[in-house]
$ cat entry37.txt   # compact mmCIF, C-alpha atoms
# COMPACT_ATOMS: atom_id res chain seq x y z
CA CYS A 1181 84.71 60.83 19.24
CA LEU A 1182 83.29 57.75 17.48
CA THR A 1183 84.15 55.61 20.50
CA ALA A 1184 82.33 58.04 22.77
CA ARG A 1185 79.25 58.00 20.52
CA LEU A 1186 79.20 54.20 20.49
CA ARG A 1187 79.46 54.16 24.29
CA VAL A 1188 76.51 56.53 24.66
CA PHE A 1189 74.47 54.55 22.10
CA ALA A 1190 75.10 51.30 24.03
CA ARG A 1191 74.06 52.92 27.29
CA ARG A 1192 70.89 54.25 25.71
CA GLU A 1193 69.89 50.86 24.34
CA ALA A 1194 70.42 49.18 27.71
CA ILE A 1195 68.38 51.85 29.42
CA ARG A 1196 65.60 51.66 26.85
CA HIS A 1197 65.29 47.92 27.47
CA LEU A 1198 65.06 48.40 31.23
CA VAL A 1199 62.56 51.23 30.91
CA ILE A 1200 60.27 49.24 28.66
CA THR A 1201 60.32 46.18 30.90
CA SER A 1202 60.28 47.98 34.26
CA PRO A 1203 57.37 46.99 36.53
CA ALA A 1204 55.10 49.27 38.48
CA ARG A 1205 56.24 50.15 41.98
CA PRO A 1206 55.78 47.11 44.27
CA ALA A 1207 54.28 47.20 47.72
CA ARG A 1208 56.58 47.81 50.69
CA ASP A 1209 56.40 44.17 51.78
CA THR A 1210 57.23 42.83 48.29
CA HIS A 1211 59.77 40.01 48.00
CA PRO A 1212 63.37 41.37 47.77
CA SER A 1213 63.92 39.98 44.27
CA VAL A 1214 60.97 41.93 42.89
CA MET A 1215 62.06 45.04 44.74
CA GLY A 1216 65.51 44.65 43.23
CA SER A 1217 64.02 44.72 39.70
CA TYR A 1218 62.13 47.83 40.64
CA ILE A 1219 65.27 49.55 41.94
CA SER A 1220 67.08 48.63 38.72
CA ALA A 1221 64.31 50.28 36.73
CA ARG A 1222 64.56 53.34 38.93
CA ARG A 1223 68.31 53.58 38.33
CA ALA A 1224 67.67 53.18 34.63
CA SER A 1225 65.28 56.10 34.71
CA GLU A 1226 67.87 58.23 36.53
CA ALA A 1227 70.50 57.29 33.96
CA ALA A 1228 68.10 58.22 31.16
CA ALA A 1229 67.77 61.65 32.68
CA GLU A 1230 71.56 61.88 32.82
CA ILE A 1231 71.81 61.09 29.07
CA ALA A 1232 69.25 63.80 28.32
CA HIS A 1233 71.78 66.31 29.69
CA ASP A 1234 74.84 64.66 28.11
CA PRO A 1235 76.83 67.20 26.00
CA LEU A 1236 77.23 64.66 23.21
CA SER A 1237 73.46 64.34 22.94
CA VAL A 1238 72.97 68.08 22.95
CA HIS A 1239 75.61 68.64 20.32
CA GLY A 1240 74.33 66.17 17.78
CA ALA A 1241 75.89 62.83 18.70
CA ASP A 1242 74.31 59.79 17.06
CA VAL A 1243 71.70 59.25 19.78
CA ASP A 1244 68.00 59.92 19.94
CA PRO A 1245 66.92 63.25 21.42
CA PRO A 1246 65.51 63.19 24.97
CA ASN A 1247 61.95 62.95 23.65
CA ALA A 1248 62.77 59.63 22.03
CA THR A 1249 63.60 58.08 25.39
CA LYS A 1250 60.36 59.45 26.85
CA SER A 1251 58.34 58.02 23.98
CA VAL A 1252 59.22 54.44 24.89
CA GLN A 1253 58.22 54.80 28.56
CA THR A 1254 55.14 52.82 29.38
CA ALA A 1255 52.23 53.89 31.56
CA GLU A 1256 53.60 51.58 34.25
CA GLN A 1257 56.95 53.39 34.20
CA THR A 1258 55.23 56.76 34.49
CA LYS A 1259 53.23 55.51 37.47
CA ALA A 1260 56.37 54.07 39.03
CA THR A 1261 58.09 57.44 38.76
CA SER A 1262 55.10 59.16 40.34
CA ASP A 1263 55.08 56.62 43.15
CA LEU A 1264 58.75 57.26 43.75
CA HIS A 1265 58.03 60.94 44.28
CA ALA A 1266 55.07 60.18 46.50
CA ALA A 1267 57.17 57.82 48.63
CA GLY A 1268 59.93 60.37 49.11
CA GLU A 1269 62.53 58.29 47.26
CA CYS A 1270 63.44 60.88 44.62
CA GLN A 1271 65.57 63.90 45.32
CA SER A 1272 62.85 66.29 44.20
CA SER A 1273 60.52 64.91 46.85
CA THR A 1274 62.46 66.89 49.45
CA ILE A 1275 60.29 69.77 48.28
CA GLU A 1276 56.85 69.74 49.98
CA THR A 1277 53.76 69.88 47.82
CA ASN A 1278 50.20 70.65 48.91
CA GLU A 1279 49.55 66.91 49.06
CA THR A 1280 51.92 66.21 51.96
CA PRO A 1281 51.15 66.25 55.68
CA VAL A 1282 51.33 69.24 57.95
CA GLN A 1283 54.63 69.53 59.82
CA THR A 1284 54.67 70.11 63.59
CA GLY A 1285 57.26 70.52 66.30
CA ALA A 1286 58.25 72.37 69.47
CA VAL A 1287 61.09 74.57 70.71
CA GLU A 1288 62.15 75.68 74.18
CA SER A 1289 63.89 78.78 75.49
CA SER A 1290 67.37 78.44 76.92
CA GLY A 1291 69.35 80.38 79.50
CA LEU A 1292 67.93 83.02 81.82
CA ASN A 1293 67.98 86.16 79.70
CA LEU A 1294 64.14 86.17 79.68
CA ALA A 1295 64.22 86.34 83.49
CA GLN A 1296 66.12 89.64 83.50
CA PHE A 1297 64.50 93.03 83.99
CA GLY A 1298 63.43 95.00 80.93
CA ASP A 1299 62.67 94.11 77.33
CA GLN A 1300 64.23 90.80 76.36
CA GLU A 1301 63.85 88.45 73.41
CA GLN A 1302 65.12 85.10 72.26
CA ILE A 1303 65.26 83.89 68.65
CA ILE A 1304 65.15 80.15 67.96
CA SER A 1305 65.69 78.81 64.43
CA VAL A 1306 63.52 75.99 63.07
CA ARG A 1307 64.37 74.04 59.92
CA PHE A 1308 61.68 71.92 58.27
CA GLU A 1309 62.41 68.24 57.78
CA ARG A 1310 61.33 68.69 54.17
CA GLN A 1311 61.09 71.92 52.28
CA PHE A 1312 57.88 73.59 51.18
CA ARG A 1313 57.58 74.93 47.66
CA GLU A 1314 56.27 78.21 49.08
CA PRO A 1315 56.50 79.78 52.55
CA PRO A 1316 53.86 77.94 54.62
CA THR A 1317 51.38 79.28 57.13
CA VAL A 1318 52.93 78.84 60.58
CA ILE A 1319 50.80 78.71 63.73
CA LEU A 1320 52.52 78.62 67.12
CA THR A 1321 51.54 78.89 70.77
CA PRO A 1322 53.21 78.63 74.20
CA THR A 1323 52.34 75.29 75.81
CA ALA A 1324 54.73 75.38 78.79
CA ILE A 1325 55.23 78.46 80.96
CA ASP A 1326 57.46 78.96 84.00
CA SER A 1327 57.02 82.57 85.13
CA GLU A 1328 57.59 84.56 88.30
CA LYS A 1329 54.65 85.06 90.65
CA GLN A 1330 53.04 88.42 91.48
CA VAL A 1331 54.34 90.23 88.41
CA ASN A 1332 52.47 90.70 85.16
CA LEU A 1333 52.75 87.91 82.62
CA ARG A 1334 53.85 89.78 79.51
CA LEU A 1335 54.65 87.36 76.73
CA SER A 1336 54.56 87.33 72.93
CA VAL A 1337 55.48 84.47 70.57
CA THR A 1338 55.62 85.01 66.81
CA ALA A 1339 56.95 83.29 63.68
CA VAL A 1340 59.29 85.55 61.71
CA GLN A 1341 61.36 85.19 58.54
CA VAL A 1342 59.24 82.30 57.26
CA THR A 1343 60.59 80.59 54.13
CA GLY A 1344 60.12 77.23 52.46
CA GLN A 1345 63.13 75.93 54.40
CA GLY A 1346 62.18 77.08 57.91
CA PHE A 1347 61.48 80.07 60.15
CA ASN A 1348 62.47 81.75 63.40
CA VAL A 1349 60.49 81.67 66.63
CA ARG A 1350 60.64 85.02 68.44
CA ILE A 1351 59.91 84.88 72.17
CA PHE A 1352 59.57 88.36 73.66
CA LYS A 1353 58.84 89.63 77.16
CA TRP A 1354 58.92 93.14 78.57
CA TRP A 1355 59.16 95.23 81.75
CA ASP A 1356 59.47 93.26 85.04
CA THR A 1357 58.11 89.93 83.76
CA LYS A 1358 60.40 87.00 84.54
CA LEU A 1359 60.24 83.91 82.33
CA PHE A 1360 62.40 81.00 83.43
CA LYS A 1361 61.30 78.61 80.69
CA ILE A 1362 58.96 78.75 77.69
CA ARG A 1363 58.04 75.89 75.36
CA VAL A 1364 56.40 76.80 72.05
CA ASN A 1365 54.51 74.35 69.83
CA TRP A 1366 54.35 75.09 66.11
CA ALA A 1367 52.51 73.78 63.06
CA ALA A 1368 53.27 74.60 59.42
CA PHE A 1369 50.56 74.26 56.78
CA PRO A 1370 51.15 74.27 52.99
CA THR A 1371 49.52 77.14 51.14
CA GLY A 1372 46.31 76.63 49.21
CA LYS A 1373 44.19 73.49 49.20
CA ILE A 1374 45.33 70.60 51.38
CA SER A 1375 44.91 67.25 49.60
CA ASN A 1376 45.33 63.64 50.70
CA THR A 1377 45.77 64.83 54.29
CA GLY A 1378 42.90 64.89 56.74
CA ILE A 1379 42.82 67.47 59.54
CA GLN A 1380 40.71 66.95 62.64
CA ILE A 1381 40.30 69.54 65.41
CA GLY A 1382 38.90 69.17 68.91
CA GLU A 1383 39.34 70.32 72.50
CA CYS A 1384 39.76 68.77 75.93
CA THR A 1385 40.26 69.61 79.61
CA ALA A 1386 42.43 68.16 82.33
CA SER A 1387 40.57 65.28 83.94
CA GLY A 1388 39.49 65.44 87.58
CA ASN A 1389 37.56 68.67 86.81
CA GLY A 1390 40.81 70.31 85.71
CA LYS A 1391 42.39 70.86 89.13
CA LEU A 1392 46.13 70.43 89.64
CA THR A 1393 46.52 71.94 93.10
CA ASN A 1394 48.66 69.47 95.05
CA GLU A 1395 52.12 70.40 96.25
CA GLY A 1396 54.94 69.28 93.95
CA PHE A 1397 54.78 67.63 90.55
CA GLN A 1398 51.34 66.56 89.37
CA ALA A 1399 50.05 65.28 86.03
CA GLN A 1400 46.73 64.29 84.50
CA THR A 1401 46.14 62.56 81.18
CA THR A 1402 43.02 62.98 79.06
CA PRO A 1403 42.43 60.42 76.26
CA ILE A 1404 41.21 61.52 72.82
CA ASN A 1405 39.57 59.30 70.19
CA PHE A 1406 39.53 60.49 66.60
CA LYS A 1407 36.16 60.72 64.91
CA THR A 1408 37.78 59.21 61.80
CA PRO A 1409 40.89 57.02 62.27
CA PHE A 1410 43.99 57.84 60.25
CA LYS A 1411 45.92 55.43 58.01
CA GLU A 1412 49.08 56.11 60.02
CA VAL A 1413 50.09 57.96 63.18
CA PRO A 1414 49.23 61.63 62.55
CA GLN A 1415 51.03 64.83 63.44
CA ILE A 1416 49.59 66.31 66.66
CA PHE A 1417 49.48 69.98 67.65
CA VAL A 1418 48.11 71.07 71.03
CA ALA A 1419 47.32 74.67 71.94
CA PRO A 1420 46.06 76.15 75.23
CA ARG A 1421 42.56 77.56 75.35
CA LEU A 1422 41.89 78.26 79.05
CA TYR A 1423 44.06 78.95 82.11
CA ASP A 1424 43.06 79.41 85.75
CA VAL A 1425 46.32 79.66 87.71
CA ASP A 1426 46.87 80.97 91.25
CA CYS A 1427 48.92 84.20 91.37
CA GLN A 1428 50.47 83.44 94.79
CA THR A 1429 52.80 80.84 93.27
CA ASN A 1430 54.99 80.70 90.17
CA HIS A 1431 53.16 79.70 87.01
CA GLN A 1432 54.71 76.34 86.05
CA SER A 1433 52.48 74.41 83.66
CA ARG A 1434 52.88 72.26 80.56
CA MET A 1435 50.69 70.34 78.10
CA GLU A 1436 51.81 67.84 75.47
CA PRO A 1437 50.47 64.97 73.31
CA VAL A 1438 51.39 61.40 74.31
CA ASN A 1439 50.54 57.85 73.22
CA GLU A 1440 49.82 58.86 69.62
CA CYS A 1441 48.34 56.19 67.33
CA GLU A 1442 46.02 55.94 64.32
CA GLN A 1443 42.88 55.88 66.50
CA GLY A 1444 43.72 58.67 68.93
CA PHE A 1445 46.15 60.01 71.52
CA ALA A 1446 46.18 61.60 74.96
CA VAL A 1447 46.93 65.10 76.24
CA LYS A 1448 49.15 65.16 79.32
CA PHE A 1449 48.73 68.20 81.56
CA LYS A 1450 51.57 68.85 84.03
CA LYS A 1451 52.36 71.32 86.79
CA PHE A 1452 55.49 71.72 88.89
CA GLY A 1453 56.55 73.09 92.27
CA ASP A 1454 53.91 74.88 94.32
CA CYS A 1455 51.97 76.02 91.24
CA LYS A 1456 48.21 75.70 91.68
CA ILE A 1457 46.06 75.20 88.59
CA TYR A 1458 42.29 75.25 89.04
CA ASP A 1459 41.39 74.68 85.40
CA LEU A 1460 43.24 73.98 82.17
CA LYS A 1461 41.84 73.38 78.69
CA CYS A 1462 43.33 73.06 75.24
CA TYR A 1463 42.55 72.70 71.57
CA TRP A 1464 44.19 69.95 69.53
CA LEU A 1465 44.80 69.41 65.83
CA ALA A 1466 45.69 66.10 64.18
CA SER A 1467 46.89 65.85 60.58
CA GLY A 1468 47.62 62.72 58.55
CA PRO A 1469 46.48 60.53 55.64
CA LEU A 1470 42.95 59.10 55.72
CA ALA A 1471 41.57 55.94 54.14
CA ASN A 1472 39.52 57.98 51.67
CA ARG A 1473 40.95 60.84 49.64
CA THR A 1474 39.96 64.22 50.98
CA ASP A 1475 40.54 67.85 50.00
CA GLN A 1476 40.39 70.52 52.66
CA ARG A 1477 40.73 74.30 52.56
CA MET A 1478 42.33 76.38 55.28
CA GLU A 1479 42.30 80.01 56.39
CA SER A 1480 44.07 81.65 59.31
CA GLY A 1481 44.29 85.01 61.01
CA GLU A 1482 44.72 86.92 64.27
CA VAL A 1483 42.46 88.81 66.66
CA SER A 1484 43.29 91.26 69.45
CA SER A 1485 41.42 92.62 72.43
CA ALA A 1486 40.10 96.18 72.09
CA SER A 1487 41.88 99.19 73.51
CA SER A 1488 38.77 100.00 75.56
CA GLY A 1489 40.17 97.82 78.33
CA VAL A 1490 36.93 96.01 79.18
CA LEU A 1491 38.93 92.95 80.26
CA LYS A 1492 40.64 95.02 82.97
CA ASN A 1493 37.37 95.59 84.81
CA HIS A 1494 36.52 93.66 87.96
CA GLY A 1495 34.23 90.63 87.69
CA ASP A 1496 33.28 88.41 84.80
CA GLN A 1497 34.01 90.16 81.51
CA GLU A 1498 34.11 89.08 77.89
CA GLU A 1499 34.84 90.56 74.51
CA LEU A 1500 33.44 89.32 71.19
CA ILE A 1501 35.34 89.91 67.96
CA ALA A 1502 33.65 89.16 64.63
CA VAL A 1503 35.79 87.32 62.06
CA LYS A 1504 34.80 87.06 58.40
CA PHE A 1505 36.45 84.46 56.18
CA ASP A 1506 38.09 85.55 52.93
CA HIS A 1507 36.13 82.83 51.11
CA VAL A 1508 32.92 81.10 52.12
CA PHE A 1509 33.24 77.45 53.21
CA GLU A 1510 30.74 74.85 52.01
CA LYS A 1511 30.00 73.98 55.65
CA PRO A 1512 30.92 75.59 58.98
CA PRO A 1513 34.63 74.76 59.35
CA GLN A 1514 36.60 73.41 62.28
CA ILE A 1515 38.20 76.20 64.33
CA LEU A 1516 41.29 76.27 66.51
CA ILE A 1517 42.09 79.52 68.34
CA THR A 1518 44.85 80.07 70.88
CA PRO A 1519 46.57 83.02 72.63
CA VAL A 1520 50.02 84.08 71.45
CA PHE A 1521 50.31 87.40 73.31
CA TYR A 1522 49.59 88.04 77.00
CA ASP A 1523 49.67 91.11 79.21
CA VAL A 1524 47.99 89.99 82.42
CA GLY A 1525 48.17 91.61 85.87
CA GLY A 1526 50.36 89.75 88.35
CA ALA A 1527 48.55 90.76 91.54
CA THR A 1528 45.61 88.52 90.66
CA SER A 1529 45.25 84.96 89.38
CA PHE A 1530 45.84 84.23 85.71
CA ARG A 1531 42.36 83.50 84.36
CA ILE A 1532 41.74 83.60 80.63
CA ASP A 1533 39.58 81.71 78.13
CA VAL A 1534 39.77 82.07 74.33
CA SER A 1535 37.23 80.25 72.18
CA ALA A 1536 35.33 80.35 68.87
CA ILE A 1537 31.54 80.62 68.96
CA GLU A 1538 28.70 81.02 66.44
CA VAL A 1539 30.73 79.37 63.68
CA THR A 1540 29.15 79.56 60.22
CA SER A 1541 30.43 78.99 56.70
CA GLU A 1542 31.09 82.74 56.44
CA GLY A 1543 32.83 83.44 59.75
CA PHE A 1544 32.72 83.16 63.54
CA LYS A 1545 33.11 85.17 66.73
CA ALA A 1546 36.26 85.05 68.82
CA LYS A 1547 35.34 85.12 72.49
CA LEU A 1548 37.93 86.51 74.93
CA ARG A 1549 36.87 85.97 78.53
CA LYS A 1550 38.22 86.59 82.04
CA TRP A 1551 36.56 86.30 85.46
CA MET A 1552 36.74 87.47 89.06
CA ASP A 1553 39.53 89.99 89.80
CA THR A 1554 41.87 89.06 86.91
CA GLU A 1555 43.15 92.08 84.96
CA ILE A 1556 43.94 91.60 81.29
CA TYR A 1557 45.52 94.60 79.63
CA GLU A 1558 45.86 92.99 76.21
CA VAL A 1559 45.60 89.56 74.64
CA LYS A 1560 46.09 88.43 71.04
CA ALA A 1561 45.12 85.08 69.58
CA VAL A 1562 45.75 83.31 66.29
CA TRP A 1563 43.10 81.14 64.66
CA ILE A 1564 42.92 78.54 61.94
CA ALA A 1565 39.80 77.38 60.12
CA VAL A 1566 39.83 74.04 58.27
CA SER A 1567 36.96 72.73 56.17
CA GLN A 1568 35.09 69.62 57.24
CA PHE A 1569 35.76 66.39 55.29
$ encode --input "entry37.txt" --output "structure tokens"
Amino acid sequence: CLTARLRVFARREAIRHLVITSPARPARDTHPSVMGSYISARRASEAAAEIAHDPLSVHGADVDPPNATKSVQTAEQTKATSDLHAAGECQSSTIETNETPVQTGAVESSGLNLAQFGDQEQIISVRFERQFREPPTVILTPTAIDSEKQVNLRLSVTAVQVTGQGFNVRIFKWWDTKLFKIRVNWAAFPTGKISNTGIQIGECTASGNGKLTNEGFQAQTTPINFKTPFKEVPQIFVAPRLYDVDCQTNHQSRMEPVNECEQGFAVKFKKFGDCKIYDLKCYWLASGPLANRTDQRMESGEVSSASSGVLKNHGDQEELIAVKFDHVFEKPPQILITPVFYDVGGATSFRIDVSAIEVTSEGFKAKLRKWMDTEIYEVKAVWIAVSQF
């Protein structure tokens, strides 16, 4: 027992020396010898934590209590430990905080069960790269659709069973709708105030006045420049806003971000086969660290077309839905709104436009619009509001 106590005492003294003399966290391009000293200090700190839980210490061995080790840590050591967490080098940093970036990604359907007659669904599991402390807000939207012509497009995408570790994407279709492929983009936002992460929102259209009507594969790329550059390449989330697709051919479209950098990116619009697209627009959201610290607040929700069926009528029709924020923003926020549920007649072209208008610090109006002979039986859209920075 005495030998064990002496061993623990020697370890503690060595650790105390390293802790006292440990430097602040060096820059990433620091010379290897300096970085090695820093890593040694980090290991010393980890060993100190191990001693704090040593049974000999708990049961009265001849060592200082855990508080004694803490009392000799300098301000530099405290900062170094904080920097370790911020850099993702400590085990506990696998848990997201509200000061980490938004996470984004995409999933695709597999097989042909969604092309069968009747009600069909597909569940796809998503696991976050790093955990959130609390279940995040998840926004998702279909960004690639391959559906059968001349039948109604009946599609719903939702996030279910959301936890801090991940969630499930539920893709559901019903009746005679045939879906050969669906790609769903998703974005997960930490709850509460978002700090040290800037979010910018905008919209764009396919270049060449939006038309993708040639036979076979066709693509157009629209460049985007950020109003405020990011410190590093941000996370990008794109979400459709407007479709005008011919009903005489299969709907085969896709949109995705490309060429991402700190100053901007591009949205690539694609169509396949004999699909004819007369117009295509999308919203985009970019999230990443900015040069200056910023705090932003976020709210989200969902709107649905009324049961009155005004969007089924012939000609240009629109429906306005008033949205009131739970808390007033200091300034009118940025808004992204995108459809997540469609029930659109298949005998006519797929024409739909979802946008936010009359945005104030207290709320906005969701505008659901269709034109010509398109028949929309129901549409639902999710929205996210993020404060200006």
$ residues_around --input "entry37.txt" --residues "Phe1297 (chain A)" --least-positions-apart "2" --cutoff "10 Å" --atoms "all atoms listed in the file" --output "PyMOL selection string"
chain A and resi 1293-1295+1299-1300+1353-1358
$ write_last_selection --input "entry37.txt" --atoms "C-alpha atoms" --output "compact mmCIF listing (two decimals), keeping the file's coordinate frame"
# COMPACT_ATOMS: atom_id res chain seq x y z
CA ASN A 1293 67.98 86.16 79.70
CA LEU A 1294 64.14 86.17 79.68
CA ALA A 1295 64.22 86.34 83.49
CA ASP A 1299 62.67 94.11 77.33
CA GLN A 1300 64.23 90.80 76.36
CA LYS A 1353 58.84 89.63 77.16
CA TRP A 1354 58.92 93.14 78.57
CA TRP A 1355 59.16 95.23 81.75
CA ASP A 1356 59.47 93.26 85.04
CA THR A 1357 58.11 89.93 83.76
CA LYS A 1358 60.40 87.00 84.54
$ residues_near_point --input "entry37.txt" --point "(39.2, 81.0, 61.3)" --cutoff "12 Å" --atoms "all atoms listed in the file" --output "VMD selection string"
chain A and resid 1477 to 1483 1501 to 1509 1512 to 1518 1535 to 1546 1561 to 1567
$ write_last_selection --input "entry37.txt" --atoms "C-alpha atoms" --output "PDB file, in the frame of the given file"
ATOM      1  CA  ARG A1477      40.730  74.300  52.560  1.00  0.00           C
ATOM      2  CA  MET A1478      42.330  76.380  55.280  1.00  0.00           C
ATOM      3  CA  GLU A1479      42.300  80.010  56.390  1.00  0.00           C
ATOM      4  CA  SER A1480      44.070  81.650  59.310  1.00  0.00           C
ATOM      5  CA  GLY A1481      44.290  85.010  61.010  1.00  0.00           C
ATOM      6  CA  GLU A1482      44.720  86.920  64.270  1.00  0.00           C
ATOM      7  CA  VAL A1483      42.460  88.810  66.660  1.00  0.00           C
ATOM      8  CA  ILE A1501      35.340  89.910  67.960  1.00  0.00           C
ATOM      9  CA  ALA A1502      33.650  89.160  64.630  1.00  0.00           C
ATOM     10  CA  VAL A1503      35.790  87.320  62.060  1.00  0.00           C
ATOM     11  CA  LYS A1504      34.800  87.060  58.400  1.00  0.00           C
ATOM     12  CA  PHE A1505      36.450  84.460  56.180  1.00  0.00           C
ATOM     13  CA  ASP A1506      38.090  85.550  52.930  1.00  0.00           C
ATOM     14  CA  HIS A1507      36.130  82.830  51.110  1.00  0.00           C
ATOM     15  CA  VAL A1508      32.920  81.100  52.120  1.00  0.00           C
ATOM     16  CA  PHE A1509      33.240  77.450  53.210  1.00  0.00           C
ATOM     17  CA  PRO A1512      30.920  75.590  58.980  1.00  0.00           C
ATOM     18  CA  PRO A1513      34.630  74.760  59.350  1.00  0.00           C
ATOM     19  CA  GLN A1514      36.600  73.410  62.280  1.00  0.00           C
ATOM     20  CA  ILE A1515      38.200  76.200  64.330  1.00  0.00           C
ATOM     21  CA  LEU A1516      41.290  76.270  66.510  1.00  0.00           C
ATOM     22  CA  ILE A1517      42.090  79.520  68.340  1.00  0.00           C
ATOM     23  CA  THR A1518      44.850  80.070  70.880  1.00  0.00           C
ATOM     24  CA  SER A1535      37.230  80.250  72.180  1.00  0.00           C
ATOM     25  CA  ALA A1536      35.330  80.350  68.870  1.00  0.00           C
ATOM     26  CA  ILE A1537      31.540  80.620  68.960  1.00  0.00           C
ATOM     27  CA  GLU A1538      28.700  81.020  66.440  1.00  0.00           C
ATOM     28  CA  VAL A1539      30.730  79.370  63.680  1.00  0.00           C
ATOM     29  CA  THR A1540      29.150  79.560  60.220  1.00  0.00           C
ATOM     30  CA  SER A1541      30.430  78.990  56.700  1.00  0.00           C
ATOM     31  CA  GLU A1542      31.090  82.740  56.440  1.00  0.00           C
ATOM     32  CA  GLY A1543      32.830  83.440  59.750  1.00  0.00           C
ATOM     33  CA  PHE A1544      32.720  83.160  63.540  1.00  0.00           C
ATOM     34  CA  LYS A1545      33.110  85.170  66.730  1.00  0.00           C
ATOM     35  CA  ALA A1546      36.260  85.050  68.820  1.00  0.00           C
ATOM     36  CA  ALA A1561      45.120  85.080  69.580  1.00  0.00           C
ATOM     37  CA  VAL A1562      45.750  83.310  66.290  1.00  0.00           C
ATOM     38  CA  TRP A1563      43.100  81.140  64.660  1.00  0.00           C
ATOM     39  CA  ILE A1564      42.920  78.540  61.940  1.00  0.00           C
ATOM     40  CA  ALA A1565      39.800  77.380  60.120  1.00  0.00           C
ATOM     41  CA  VAL A1566      39.830  74.040  58.270  1.00  0.00           C
ATOM     42  CA  SER A1567      36.960  72.730  56.170  1.00  0.00           C
TER      43      SER A1567
END
$ atom_distance --input "entry37.txt" --atom1 "CA of Ser1327 (chain A)" --atom2 "CA of Gln1302 (chain A)"
15.4 Å
$ residues_around --input "entry37.txt" --residues "Phe1417 (chain A)" --least-positions-apart "4" --cutoff "9 Å" --atoms "all atoms listed in the file" --output "VMD selection string"
chain A and resid 1284 to 1285 1365 to 1367 1436 to 1437 1463 to 1467
$ residues_around --input "entry37.txt" --residues "Ser1336 (chain A)" --least-positions-apart "4" --cutoff "6 Å" --atoms "all atoms listed in the file" --output "list of chain:residue names"
A:Ile1351, A:Phe1352, A:Val1520, A:Phe1521
$ write_last_selection --input "entry37.txt" --atoms "C-alpha atoms" --output "JSON list (two decimals), in the frame of the given file"
[["chain", "number", "residue", "atom", "x", "y", "z"],
["A", 1351, "ILE", "CA", 59.91, 84.88, 72.17],
["A", 1352, "PHE", "CA", 59.57, 88.36, 73.66],
["A", 1520, "VAL", "CA", 50.02, 84.08, 71.45],
["A", 1521, "PHE", "CA", 50.31, 87.40, 73.31]]
$ closest_residue --input "entry37.txt" --among "A:Pro1420, A:Gly1495, A:Pro1315, A:Gly1298" --to "Leu1359 (chain A)" --atoms "all atoms listed in the file"
A:Gly1298
$ atom_distance --input "entry37.txt" --atom1 "CA of Asp1553 (chain A)" --atom2 "CA of Asp1426 (chain A)"
11.7 Å
$ closest_residue --input "entry37.txt" --among "A:Asp1496, A:Gln1341, A:Ala1527, A:Val1490" --to "Lys1550 (chain A)" --atoms "all atoms listed in the file"
A:Asp1496
$ closest_residue --input "entry37.txt" --among "A:Lys1511, A:Lys1361, A:Lys1492, A:Arg1350" --to "Val1337 (chain A)" --atoms "all atoms listed in the file"
A:Arg1350
$ closest_residue --input "entry37.txt" --among "A:Gln1476, A:Asn1348, A:Thr1338, A:Thr1343" --to "Thr1377 (chain A)" --atoms "all atoms listed in the file"
A:Gln1476
$ closest_residue --input "entry37.txt" --among "A:Ser1290, A:Thr1321, A:Ser1529, A:Gln1345" --to "Cys1427 (chain A)" --atoms "only C-alpha atoms"
A:Ser1529
